[in-house]
Each structure stands twice: as C-alpha cells, then as structure tokens.
$ cat structure-v4.txt   # compact mmCIF, C-alpha atoms and all ligand atoms
# COMPACT_ATOMS: atom_id res chain seq x y z
CA MET A 98 30.83 -90.64 154.89
CA ALA A 99 31.89 -94.25 154.43
CA ILE A 100 30.28 -96.15 151.59
CA LYS A 101 28.52 -99.32 152.85
CA PRO A 102 29.77 -102.78 151.81
CA ASN A 103 26.90 -103.56 149.43
CA GLU A 104 27.19 -100.12 147.85
CA GLU A 105 30.87 -100.94 147.23
CA LYS A 106 29.77 -104.14 145.50
CA VAL A 107 27.53 -102.18 143.12
CA LEU A 108 30.31 -99.69 142.31
CA LYS A 109 32.73 -102.54 141.65
CA TYR A 110 30.23 -104.23 139.37
CA MET A 111 29.74 -100.96 137.45
CA GLU A 112 33.48 -100.63 136.99
CA GLN A 113 33.74 -104.20 135.66
CA GLN A 114 30.90 -103.56 133.20
CA GLY A 115 32.01 -100.06 132.17
CA TYR A 116 28.75 -98.40 133.23
CA ASP A 117 28.73 -94.64 133.89
CA ALA A 118 25.66 -94.91 136.11
CA PHE A 119 23.44 -97.58 137.66
CA LEU A 120 19.85 -97.01 138.73
CA VAL A 121 18.56 -99.30 141.51
CA SER A 122 14.76 -99.25 141.72
CA ASP A 123 13.64 -102.58 143.18
CA PRO A 124 12.52 -101.77 146.76
CA THR A 125 14.18 -104.83 148.32
CA ASN A 126 17.40 -104.10 146.44
CA VAL A 127 17.34 -100.49 147.68
CA ARG A 128 17.13 -101.81 151.22
CA TYR A 129 19.80 -104.46 150.64
CA VAL A 130 22.26 -101.99 149.20
CA THR A 131 21.79 -99.11 151.67
CA ASN A 132 20.21 -100.76 154.76
CA PHE A 133 17.44 -98.15 154.42
CA THR A 134 14.46 -99.37 156.47
CA ALA A 135 11.65 -96.87 155.88
CA SER A 136 10.93 -97.97 152.32
CA ASP A 137 7.50 -98.32 150.79
CA GLY A 138 8.93 -98.72 147.34
CA ALA A 139 9.18 -95.03 146.45
CA GLN A 140 12.96 -94.82 146.47
CA HIS A 141 15.58 -95.14 143.76
CA LEU A 142 19.37 -95.05 143.98
CA LEU A 143 21.53 -93.59 141.25
CA PHE A 144 25.19 -94.61 141.41
CA THR A 145 27.77 -92.79 139.31
CA LYS A 146 31.15 -94.22 138.35
CA GLU A 147 32.86 -91.50 140.40
CA GLY A 148 31.32 -93.11 143.50
CA LYS A 149 28.44 -90.72 144.11
CA ILE A 150 25.18 -92.24 145.30
CA TYR A 151 21.97 -90.23 144.93
CA PHE A 152 19.04 -91.31 147.09
CA ILE A 153 16.08 -90.22 144.96
CA THR A 154 13.01 -89.95 147.16
CA ASP A 155 10.27 -87.59 148.29
CA LEU A 156 9.68 -85.51 151.38
CA ARG A 157 8.06 -88.37 153.31
CA TYR A 158 11.40 -90.17 153.42
CA SER A 159 14.04 -87.47 153.06
CA GLU A 160 14.76 -87.14 156.78
CA ASP A 161 14.97 -90.95 157.26
CA ALA A 162 17.27 -91.14 154.24
CA ALA A 163 19.59 -88.41 155.54
CA ILE A 164 19.84 -90.18 158.94
CA GLU A 165 20.19 -93.76 157.71
CA CYS A 166 22.23 -93.11 154.58
CA PRO A 167 24.57 -90.19 155.23
CA GLU A 168 26.87 -91.50 152.50
CA CYS A 169 24.17 -90.71 149.91
CA GLU A 170 23.03 -87.37 148.58
CA VAL A 171 19.28 -87.07 149.06
CA PHE A 172 17.51 -85.79 145.96
CA ILE A 173 13.78 -84.97 146.07
CA TRP A 174 12.02 -85.87 142.84
CA ARG A 175 8.37 -85.25 143.75
CA LEU A 176 7.80 -81.69 142.62
CA PRO A 177 4.79 -80.43 140.64
CA GLY A 178 4.79 -81.94 137.16
CA LYS A 179 8.03 -83.89 137.70
CA THR A 180 8.73 -87.63 137.52
CA VAL A 181 11.51 -89.84 138.89
CA SER A 182 12.84 -89.97 135.33
CA ASP A 183 13.20 -86.17 135.28
CA ALA A 184 15.37 -86.44 138.40
CA VAL A 185 17.44 -89.24 136.84
CA GLN A 186 17.96 -87.28 133.62
CA HIS A 187 18.96 -84.17 135.58
CA LEU A 188 21.53 -86.08 137.66
CA LEU A 189 22.95 -87.97 134.67
CA SER A 190 23.44 -84.74 132.79
CA GLU A 191 24.97 -82.97 135.81
CA ASN A 192 27.49 -85.84 136.14
CA GLY A 193 28.25 -86.13 132.43
CA CYS A 194 27.09 -89.79 132.27
CA LYS A 195 26.89 -91.26 128.77
CA ASN A 196 24.95 -94.39 129.77
CA VAL A 197 22.83 -95.72 132.63
CA ALA A 198 22.18 -99.34 133.54
CA PHE A 199 18.81 -100.05 135.14
CA GLU A 200 16.91 -102.98 136.64
CA ALA A 201 14.66 -104.17 133.83
CA ASP A 202 12.27 -106.05 136.12
CA ALA A 203 11.67 -103.06 138.42
CA PHE A 204 9.78 -101.04 135.81
CA THR A 205 6.17 -101.24 134.79
CA TYR A 206 5.39 -100.69 131.13
CA ASP A 207 4.14 -97.18 131.94
CA SER A 208 7.15 -96.17 134.03
CA TYR A 209 9.53 -97.51 131.41
CA MET A 210 7.79 -95.51 128.68
CA VAL A 211 8.24 -92.35 130.76
CA MET A 212 11.91 -93.14 131.38
CA ASP A 213 12.49 -93.98 127.74
CA SER A 214 11.23 -90.62 126.58
CA THR A 215 12.87 -88.60 129.40
CA VAL A 216 16.32 -90.10 129.85
CA LYS A 217 18.44 -89.16 126.86
CA VAL A 218 21.60 -91.25 127.39
CA GLU A 219 22.06 -94.91 126.45
CA LYS A 220 19.84 -97.09 128.67
CA ILE A 221 21.17 -100.57 129.46
CA PRO A 222 18.68 -103.09 130.88
CA THR A 223 20.15 -105.51 133.46
CA GLN A 224 18.72 -108.67 134.99
CA GLY A 225 19.36 -110.06 138.47
CA VAL A 226 22.56 -108.12 139.26
CA ILE A 227 21.69 -107.49 142.90
CA ALA A 228 19.56 -110.65 143.22
CA ASP A 229 22.76 -112.60 142.52
CA MET A 230 24.64 -110.68 145.23
CA ARG A 231 21.80 -111.39 147.68
CA MET A 232 22.20 -115.18 147.28
CA ILE A 233 25.28 -115.20 149.50
CA LYS A 234 24.63 -114.06 153.05
CA THR A 235 27.04 -112.30 155.40
CA PRO A 236 27.50 -113.49 159.01
CA GLN A 237 25.20 -110.63 160.12
CA GLU A 238 22.44 -111.60 157.68
CA ILE A 239 22.74 -115.23 158.75
CA ALA A 240 22.47 -114.24 162.42
CA TYR A 241 19.26 -112.31 161.75
CA GLN A 242 17.77 -115.25 159.83
CA ARG A 243 18.76 -117.73 162.53
CA ALA A 244 17.00 -115.52 165.09
CA ALA A 245 13.92 -115.26 162.84
CA CYS A 246 13.75 -119.08 162.58
CA GLN A 247 14.06 -119.50 166.35
CA ILE A 248 11.24 -116.98 166.88
CA SER A 249 8.99 -118.86 164.44
CA CYS A 250 9.64 -122.15 166.22
CA ARG A 251 8.84 -120.66 169.64
CA ALA A 252 5.64 -119.11 168.27
CA LEU A 253 4.55 -122.45 166.81
CA GLU A 254 5.18 -124.21 170.16
CA ARG A 255 2.79 -121.72 171.72
CA LEU A 256 0.20 -122.00 168.96
CA LEU A 257 -0.02 -125.79 169.28
CA GLU A 258 -1.61 -125.19 172.70
CA ASP A 259 -4.37 -123.11 171.06
CA ILE A 260 -5.36 -125.44 168.22
CA ARG A 261 -8.68 -127.03 169.21
CA VAL A 262 -12.03 -127.91 167.70
CA GLY A 263 -14.13 -124.77 167.06
CA ILE A 264 -11.40 -122.14 166.76
CA THR A 265 -11.19 -120.63 163.26
CA GLU A 266 -8.26 -120.53 160.85
CA LYS A 267 -8.31 -116.71 160.96
CA GLU A 268 -8.12 -116.63 164.75
CA LEU A 269 -5.19 -119.04 164.78
CA ALA A 270 -3.37 -117.09 162.04
CA ALA A 271 -3.76 -113.84 163.99
CA MET A 272 -2.50 -115.51 167.19
CA LEU A 273 0.52 -116.91 165.36
CA SER A 274 1.45 -113.45 164.07
CA LEU A 275 1.08 -111.95 167.54
CA TYR A 276 3.21 -114.68 169.11
CA MET A 277 6.02 -114.02 166.62
CA VAL A 278 6.05 -110.31 167.47
CA GLN A 279 5.92 -111.12 171.20
CA GLU A 280 8.85 -113.50 170.71
CA GLY A 281 10.93 -110.70 169.14
CA ALA A 282 10.02 -110.40 165.44
CA ASP A 283 9.65 -107.14 163.51
CA THR A 284 6.04 -106.03 163.20
CA MET A 285 5.45 -107.56 159.77
CA PRO A 286 5.26 -111.32 160.36
CA TYR A 287 3.40 -113.34 157.79
CA GLY A 288 1.28 -116.01 159.47
CA ASN A 289 -0.76 -116.09 156.44
CA ILE A 290 -1.10 -119.64 155.27
CA LEU A 291 -3.02 -121.32 158.06
CA ILE A 292 -5.55 -123.70 156.59
CA SER A 293 -7.33 -126.85 157.74
CA GLY A 294 -9.18 -129.97 156.66
CA ALA A 295 -9.67 -130.41 152.92
CA ARG A 296 -8.47 -126.81 152.45
CA THR A 297 -4.88 -127.95 153.16
CA SER A 298 -4.55 -128.94 149.49
CA LEU A 299 -4.67 -125.20 148.61
CA LEU A 300 -0.93 -124.64 148.42
CA HIS A 301 -1.14 -120.95 149.31
CA GLY A 302 -4.64 -120.92 150.81
CA VAL A 303 -5.72 -117.89 152.82
CA PRO A 304 -7.01 -118.36 156.41
CA SER A 305 -10.81 -118.40 156.43
CA GLU A 306 -13.73 -118.42 158.88
CA LYS A 307 -13.63 -122.23 158.80
CA ALA A 308 -13.60 -123.70 162.28
CA ILE A 309 -11.17 -126.50 163.09
CA GLN A 310 -12.85 -129.94 163.22
CA TYR A 311 -11.81 -133.24 164.77
CA GLY A 312 -9.58 -135.15 162.35
CA ASP A 313 -8.48 -132.09 160.38
CA PHE A 314 -4.99 -131.55 159.10
CA VAL A 315 -3.88 -128.02 160.02
CA LEU A 316 -1.18 -126.70 157.67
CA MET A 317 0.76 -123.67 158.90
CA ASP A 318 3.22 -121.96 156.54
CA PHE A 319 4.54 -118.80 158.09
CA GLY A 320 7.53 -116.75 159.07
CA CYS A 321 8.74 -113.49 160.45
CA GLN A 322 11.43 -110.88 160.00
CA VAL A 323 14.31 -109.77 162.18
CA ASN A 324 15.72 -106.47 160.94
CA GLY A 325 13.95 -107.28 157.69
CA TYR A 326 15.53 -110.74 157.30
CA MET A 327 13.02 -113.53 156.95
CA SER A 328 12.24 -117.00 158.16
CA ASP A 329 9.88 -119.42 156.42
CA MET A 330 8.64 -122.73 157.80
CA THR A 331 5.73 -125.11 157.39
CA ARG A 332 4.32 -127.79 159.64
CA THR A 333 1.20 -129.88 159.19
CA VAL A 334 -0.46 -131.38 162.28
CA VAL A 335 -3.57 -133.49 162.88
CA VAL A 336 -6.30 -132.56 165.35
CA GLY A 337 -7.03 -135.83 167.13
CA GLN A 338 -5.88 -139.20 165.84
CA ALA A 339 -4.53 -139.46 162.33
CA THR A 340 -6.21 -141.84 159.89
CA GLU A 341 -4.15 -144.45 158.05
CA GLU A 342 -4.23 -142.38 154.87
CA GLN A 343 -3.12 -139.24 156.72
CA LYS A 344 -0.20 -141.22 158.15
CA THR A 345 0.72 -142.59 154.72
CA VAL A 346 0.70 -139.19 153.00
CA TYR A 347 2.58 -137.56 155.88
CA GLY A 348 5.16 -140.37 155.85
CA LEU A 349 5.73 -139.91 152.13
CA VAL A 350 6.37 -136.19 152.58
CA GLN A 351 8.87 -137.02 155.35
CA GLN A 352 10.61 -139.37 152.92
CA MET A 353 10.64 -136.66 150.24
CA PHE A 354 12.21 -134.29 152.75
CA ASP A 355 14.85 -136.82 153.79
CA ALA A 356 15.69 -137.49 150.13
CA CYS A 357 16.37 -133.76 149.62
CA ASN A 358 18.41 -133.62 152.82
CA LYS A 359 20.77 -136.34 151.63
CA ILE A 360 22.07 -134.42 148.63
CA THR A 361 21.95 -130.83 149.89
CA LYS A 362 25.33 -129.10 150.09
CA ALA A 363 27.35 -126.42 148.32
CA GLY A 364 27.23 -127.04 144.57
CA THR A 365 23.93 -128.98 144.53
CA LEU A 366 21.53 -127.90 141.79
CA GLY A 367 17.90 -127.08 142.55
CA LYS A 368 16.97 -129.39 139.68
CA ASP A 369 18.62 -132.36 141.42
CA ILE A 370 16.85 -131.63 144.72
CA TYR A 371 13.54 -131.53 142.92
CA LEU A 372 14.19 -134.82 141.06
CA GLU A 373 15.42 -136.51 144.26
CA SER A 374 12.25 -135.48 146.09
CA LEU A 375 10.14 -137.41 143.57
CA LYS A 376 11.85 -140.76 144.13
CA PRO A 377 9.82 -141.83 147.20
CA LEU A 378 6.63 -141.33 145.17
CA GLU A 379 7.57 -143.85 142.47
CA GLY A 380 5.06 -146.71 142.37
CA THR A 381 2.66 -145.05 144.82
CA PRO A 382 -0.76 -143.61 143.97
CA TYR A 383 0.46 -140.20 145.17
CA LYS A 384 2.78 -139.49 142.23
CA GLY A 385 1.46 -136.37 140.49
CA TYR A 386 0.17 -134.68 143.64
CA GLU A 387 3.46 -132.90 144.33
CA TYR A 388 4.23 -129.29 143.39
CA ASN A 389 7.00 -128.52 140.91
CA ASN A 390 8.97 -126.03 143.04
CA ILE A 391 10.13 -127.27 146.41
CA GLY A 392 12.60 -124.73 147.71
CA HIS A 393 13.90 -121.21 147.33
CA GLY A 394 16.50 -118.82 148.60
CA ILE A 395 15.29 -116.42 151.28
CA GLY A 396 16.62 -113.19 152.75
CA LEU A 397 15.07 -109.74 152.71
CA PHE A 398 12.42 -111.25 150.43
CA VAL A 399 10.71 -114.59 150.88
CA HIS A 400 11.38 -116.06 147.44
CA GLU A 401 14.94 -115.41 146.28
CA LEU A 402 17.35 -117.21 143.97
CA PRO A 403 18.06 -120.04 143.40
CA PHE A 404 14.91 -122.19 143.12
CA ASP A 405 14.45 -125.95 143.40
CA ASN A 406 12.64 -126.93 140.22
CA ILE A 407 13.39 -128.66 136.93
CA THR A 408 15.12 -125.54 135.57
CA GLY A 409 17.30 -125.04 138.68
CA GLU A 410 20.80 -124.99 137.17
CA THR A 411 22.47 -122.61 139.65
CA PRO A 412 24.80 -124.47 142.05
CA PHE A 413 23.97 -123.55 145.65
CA PRO A 414 26.74 -121.27 146.94
CA VAL A 415 28.19 -121.55 150.43
CA ASN A 416 26.26 -119.24 152.80
CA ASN A 417 23.09 -119.33 150.75
CA VAL A 418 20.05 -119.44 153.04
CA ARG A 419 17.17 -121.40 151.55
CA THR A 420 14.19 -123.65 152.20
CA ILE A 421 13.39 -127.29 151.58
CA GLU A 422 9.63 -127.69 151.28
CA PRO A 423 8.27 -130.82 149.63
CA GLY A 424 4.57 -131.53 149.89
CA LEU A 425 1.63 -133.50 148.55
CA TYR A 426 -1.64 -131.77 147.71
CA ILE A 427 -4.73 -133.84 146.96
CA PRO A 428 -7.67 -131.68 145.85
CA GLY A 429 -10.79 -132.24 147.96
CA TRP A 430 -8.91 -134.41 150.49
CA GLY A 431 -6.09 -132.26 151.87
CA GLY A 432 -2.38 -131.70 151.78
CA VAL A 433 0.84 -131.95 153.75
CA ARG A 434 3.93 -129.78 153.55
CA ILE A 435 7.05 -129.81 155.70
CA GLU A 436 9.37 -126.80 155.30
CA ASP A 437 12.65 -125.99 156.98
CA GLN A 438 15.11 -123.18 156.42
CA ILE A 439 18.75 -124.09 156.02
CA LEU A 440 22.18 -122.55 155.58
CA ILE A 441 24.33 -124.11 152.86
CA THR A 442 27.78 -125.11 154.02
CA GLU A 443 30.76 -126.63 152.19
CA ASP A 444 29.86 -130.25 153.02
CA GLY A 445 26.17 -130.05 153.87
CA PHE A 446 23.94 -127.59 155.64
CA GLU A 447 22.93 -126.20 159.01
CA ASN A 448 19.23 -126.59 159.73
CA MET A 449 17.97 -123.28 161.13
CA THR A 450 14.48 -124.67 161.86
CA ASP A 451 14.71 -126.70 165.05
CA PHE A 452 11.27 -128.31 165.11
CA THR A 453 10.28 -131.95 164.83
CA HIS A 454 9.27 -133.48 161.51
CA ASP A 455 7.27 -136.21 163.27
CA LEU A 456 3.51 -136.19 162.79
CA ILE A 457 1.98 -134.28 165.69
CA GLU A 458 -1.47 -135.48 166.79
CA LEU A 459 -3.07 -132.87 169.03
N1 LIG B 1 6.45 -121.61 152.06
C1 LIG B 1 5.71 -121.51 150.88
C2 LIG B 1 6.42 -120.83 149.81
O1 LIG B 1 7.56 -120.52 149.99
O2 LIG B 1 5.86 -120.56 148.76
MN MN B 2 8.82 -121.28 151.45
$ encode --input "structure-v4.txt" --output "structure tokens"
Amino acid sequence: MAIKPNEEKVLKYMEQQGYDAFLVSDPTNVRYVTNFTASDGAQHLLFTKEGKIYFITDLRYSEDAAIECPECEVFIWRLPGKTVSDAVQHLLSENGCKNVAFEADAFTYDSYMVMDSTVKVEKIPTQGVIADMRMIKTPQEIAYQRAACQISCRALERLLEDIRVGITEKELAAMLSLYMVQEGADTMPYGNILISGARTSLLHGVPSEKAIQYGDFVLMDFGCQVNGYMSDMTRTVVVGQATEEQKTVYGLVQQMFDACNKITKAGTLGKDIYLESLKPLEGTPYKGYEYNNIGHGIGLFVHELPFDNITGETPFPVNNVRTIEPGLYIPGWGGVRIEDQILITEDGFENMTDFTHDLIEL
C-alpha cells in the first residue's frame, strides 16, 4: 500500500538524521502523519528505516486503523501485563534497530521511566520535528481551514441575532457551537470563550450563568474544525450603545490589529508583529493592559508554531496559517480582542476571516 506524503516526510527526515527508528506518540502528530481520525491519544507509530510503519494501538482502534491506514502494520500492545514500551522493544528487536528517536514532549515522567527501563537500544529525544513540518500547509489543508473560517463567520452572523439582555453566556456559547455544526463543522467546535461585561478582561474566561446586560461588551473567541483542521476567531461587540471609553479601547485594538497587518508577510518574525502591535499604545493610559502573545500558527491543533511574542524568531513561511489577535484587558472593567485567521503569502497574506472589524452595537 502506498505510503502517505507526511509519512514519506518522516522517513526522509530519519534518513537525513541516520535514525534506525522513529516513534511518533503525540496524538495530533499521529493524525497529521497518517490522517487517522479515530484517535483519543492511545496510538503510537513506529517507523523503521526500511520503510515499515507499525501502528501501535489497542483493540478499540485496530479495525479503524486497518481501514484508514492500510500502509501500516497494526500492532496491538494492550495485552495483560504489557505496556506500549514492551511493544516498541519487541518491534525494534525484530527489525534489528540499534537506536530509536522519540518525541520528548509526548511522554509523561512515568511513561518515560517505563520506556527507559524497557527499551534497550539507544534512545534519542527529539523536539518539534513534526511540529515544524506542520507549519507549512498543503493546498488541501488550506482549503479545510478556509472552509472552517467561513463556517465560523456564518455562525457568528446568526448568533448576533440572539444576543440580547437576559440570555446567559452559557446559552449563547451552546448556540454558537450548534450553529457551527449546522453550518458544516465537525462535531467538536469550540465556542468556549463567550464572556460578557467586566468578565471580558478574563483572556480565556469560561462561559458562565451570567446574563447579558445592557451596555455589556460580549467577547466571543471560538472556532470549529473541518476534517480536523481548525479555525479561530474573536469578535467583541457591545449590547446597546457603546460608551466613550468602550469606543476608545476598541479603537486602540483596531489600531493594534492594523499595525500587525502592515508588516505581515513571508519572513516576518513573530517578535516584530508583537512589537509593532504595541506602538499605538505609546502615550496612552492603556499601555500595560495588552497580553504578551498575540498570534499563533493553527492547523490540526489550535496553538501551533510559530508564535507572536518577544521570543518569536522563526520567520513566517509561505503557506503558514496563523492568527493575529491583539487585545486589551482591563481587570474589573472589561476587555476587547479582535482575532482573524490568515494565510501567509510571499508578499502579504490572505485573510481567511471575512468579518468586519468595526465596533458592532447591537
Ligand atoms: N484565540 C485565543 C487564543 O488563541 O488563545
Ligand atoms: Mn487564537
């Protein structure tokens, strides 16, 4: 059976590094590499330099694995008294491997201790090998993410009709999730930051029983998946007429966003985006109310490389899908965030989030 393109990439990387075997254990990386969809994190892939790929799983997933990944050999690890590491050791020994690279950040302390005592060959920790591959999206991945953004925008259009005094944050969050599925998303949307009033300064606040009141900001940070590929967007609206201070803070966040826009293209550093976003705040009383990370790559996982913060030294590659999300968060008063998802191109970017940045007063 034909090896899939991302599996080829892993084999090529192993060849360059001289690894006999490579163990992929991060659940999102397993999906990225094999397109396997039924994951709950219980799968591992063992690549050998001869081009064999073992799909190490248990009986709950073995039939899915055989159907979705016919190029892999399914190996059941969950037998009485056995661990994943026993399966890995068995396969390494059967294939005569003298070393195995593994994903250092995919192991807990306990699971590493078991592997360390079970796997007898040289163990080589790696960092970010597949995360780096995931930064650059294929036309298919981009198409899924474009569709996910369009679904989110349509769902928000619908939700704006429902936002009224008395309805709770939890009710609105549930409606937003339902609308995304009705508009075509997979069944795991995340409408999960929907907060109002003074609670909008909680950057990642959880929807509560709080009822919407006249004059509230409502901050909605949400997204959905299409074939696992994600969208992420944020809009902040006002219920009723905005006060002068609400307009001022909102206007500053718009300026921060526009500042980021101006310099975003292939080769830009996340650090420069972050520093640029601060310029509109100079000389205002709002300096210091920003957050120090204002964008991230996005794909099969919501927060991927590279990030927009002071340590962001990775130039954005062409075909990286990412967010721009400046905001101001004033404890006890409220907050504003505007977030769009974009595709990096040679001379700029394509905005995948087609939704106004103007302040909406409902
Ligand atoms: N949209 C919020 C975040 O990415 O953390
Ligand atoms: Mn985001």
$ closest_residue --input "structure-v4.txt" --among "A:Gly432, A:Gly396, A:Gly337, A:Gly193" --to "Cys246 (chain A)" --atoms "all atoms listed in the file"
A:Gly396
$ atom_distance --input "structure-v4.txt" --atom1 "CA of Val121 (chain A)" --atom2 "CA of Phe144 (chain A)"
8.1 Å
$ closest_atom_pairs --input "structure-v4.txt" --of "chain A" --to "ligand LIG 1 (chain B)" --cutoff "12 Å" --atoms "all atoms listed in the file" --output "CSV"
residue,atom,partner,partner_atom,distance
A:Tyr287,CA,B:LIG1,N1,10.5
A:Gly288,CA,B:LIG1,N1,10.6
A:Asn289,CA,B:LIG1,N1,10.1
A:Ile290,CA,B:LIG1,C1,8.3
A:Leu291,CA,B:LIG1,N1,11.2
A:Leu299,CA,B:LIG1,C1,11.2
A:Leu300,CA,B:LIG1,C1,7.7
A:His301,CA,B:LIG1,O2,7.0
A:Gly302,CA,B:LIG1,C1,10.4
A:Leu316,CA,B:LIG1,N1,10.8
A:Met317,CA,B:LIG1,N1,9.1
A:Asp318,CA,B:LIG1,N1,5.5
A:Phe319,CA,B:LIG1,N1,6.9
A:Gly320,CA,B:LIG1,N1,8.6
A:Cys321,CA,B:LIG1,N1,11.9
A:Met327,CA,B:LIG1,O1,11.3
A:Ser328,CA,B:LIG1,N1,9.6
A:Asp329,CA,B:LIG1,N1,6.0
A:Met330,CA,B:LIG1,N1,6.2
A:Thr331,CA,B:LIG1,N1,6.4
A:Arg332,CA,B:LIG1,N1,10.0
A:Tyr388,CA,B:LIG1,O2,10.4
A:Asn389,CA,B:LIG1,O2,11.2
A:Asn390,CA,B:LIG1,O2,8.5
A:Ile391,CA,B:LIG1,O1,8.1
A:Gly392,CA,B:LIG1,O1,7.0
A:His393,CA,B:LIG1,O1,6.9
A:Gly394,CA,B:LIG1,O1,9.2
A:Ile395,CA,B:LIG1,O1,8.8
A:Gly396,CA,B:LIG1,O1,12.0
A:Phe398,CA,B:LIG1,O1,10.5
A:Val399,CA,B:LIG1,O1,6.8
A:His400,CA,B:LIG1,O1,6.4
A:Glu401,CA,B:LIG1,O1,9.7
A:Leu402,CA,B:LIG1,O1,12.0
A:Phe404,CA,B:LIG1,O1,10.2
A:Asp405,CA,B:LIG1,O1,11.0
A:Arg419,CA,B:LIG1,O1,9.8
A:Thr420,CA,B:LIG1,O1,7.7
A:Ile421,CA,B:LIG1,N1,9.0
A:Glu422,CA,B:LIG1,N1,6.9
A:Pro423,CA,B:LIG1,N1,9.7
A:Gly424,CA,B:LIG1,C1,10.1
A:Val433,CA,B:LIG1,C1,11.9
A:Arg434,CA,B:LIG1,N1,8.7
A:Ile435,CA,B:LIG1,N1,9.0
A:Glu436,CA,B:LIG1,N1,6.8
A:Asp437,CA,B:LIG1,N1,9.0
A:Gln438,CA,B:LIG1,N1,9.8
$ axis_aligned_box --input "structure-v4.txt" --around "region 279-287 of chain A" --padding-each-side "6 Å" --output "AutoDock Vina command-line options"
--center_x 7.2 --center_y -109.8 --center_z 164.5 --size_x 19.5 --size_y 19.5 --size_z 25.4
$ atom_distance --input "structure-v4.txt" --atom1 "CA of Leu372 (chain A)" --atom2 "CA of Asn406 (chain A)"
8.1 Å
$ atom_distance --input "structure-v4.txt" --atom1 "CA of Glu105 (chain A)" --atom2 "CA of Gly148 (chain A)"
8.7 Å
$ residues_around --input "structure-v4.txt" --residues "Lys217 (chain A)" --least-positions-apart "6" --cutoff "12 Å" --atoms "only C-alpha atoms" --output "list in words"
Ser182, Asp183, Val185, Gln186, His187, Leu188, Leu189, Ser190, Gly193, Cys194, Lys195, Asn196, Val197 and Val211 of chain A
$ residues_around --input "structure-v4.txt" --residues "region 354-369 of chain A" --least-positions-apart "4" --cutoff "7 Å" --atoms "all atoms listed in the file" --output "ChimeraX atom specification"
/A:350,373-374,404-415,423,441-446
$ residues_near_point --input "structure-v4.txt" --point "(11.4, -81.8, 140.5)" --cutoff "12 Å" --atoms "all atoms listed in the file" --output "list in words"
Ile153, Thr154, Asp155, Leu156, Phe172, Ile173, Trp174, Arg175, Leu176, Pro177, Gly178, Lys179, Thr180, Val181, Ser182, Asp183, Ala184, Val185, Gln186, His187 and Leu188 of chain A
$ decode --input "structure-v4.txt" --residues "region 193-223 of chain A" --atoms "C-alpha atoms" --output "mmCIF file, in the first residue's frame"
data_model
loop_
_atom_site.group_PDB
_atom_site.id
_atom_site.type_symbol
_atom_site.label_atom_id
_atom_site.label_comp_id
_atom_site.auth_asym_id
_atom_site.auth_seq_id
_atom_site.Cartn_x
_atom_site.Cartn_y
_atom_site.Cartn_z
ATOM 1 C CA GLY A 193 17.366 -5.095 14.286
ATOM 2 C CA CYS A 194 17.183 -1.355 15.152
ATOM 3 C CA LYS A 195 20.157 -0.006 17.093
ATOM 4 C CA ASN A 196 18.535 3.315 18.033
ATOM 5 C CA VAL A 197 15.106 4.933 18.248
ATOM 6 C CA ALA A 198 14.271 8.630 18.120
ATOM 7 C CA PHE A 199 11.210 9.683 20.102
ATOM 8 C CA GLU A 200 9.170 12.820 20.757
ATOM 9 C CA ALA A 201 10.467 14.100 24.088
ATOM 10 C CA ASP A 202 7.420 16.265 24.804
ATOM 11 C CA ALA A 203 4.923 13.432 24.261
ATOM 12 C CA PHE A 204 5.992 11.485 27.345
ATOM 13 C CA THR A 205 4.985 11.963 30.941
ATOM 14 C CA TYR A 206 7.638 11.344 33.560
ATOM 15 C CA ASP A 207 6.031 7.987 34.382
ATOM 16 C CA SER A 208 5.745 6.798 30.780
ATOM 17 C CA TYR A 209 9.323 7.826 30.070
ATOM 18 C CA MET A 210 10.576 5.893 33.101
ATOM 19 C CA VAL A 211 8.802 2.782 31.792
ATOM 20 C CA MET A 212 10.251 3.269 28.306
ATOM 21 C CA ASP A 213 13.711 3.922 29.695
ATOM 22 C CA SER A 214 13.780 0.641 31.559
ATOM 23 C CA THR A 215 12.084 -1.407 28.791
ATOM 24 C CA VAL A 216 13.620 -0.196 25.546
ATOM 25 C CA LYS A 217 17.198 -1.428 25.378
ATOM 26 C CA VAL A 218 18.565 0.397 22.301
ATOM 27 C CA GLU A 219 19.883 3.969 22.212
ATOM 28 C CA LYS A 220 17.011 6.413 22.803
ATOM 29 C CA ILE A 221 17.301 9.791 21.061
ATOM 30 C CA PRO A 222 14.989 12.567 22.293
ATOM 31 C CA THR A 223 13.755 14.942 19.554
#
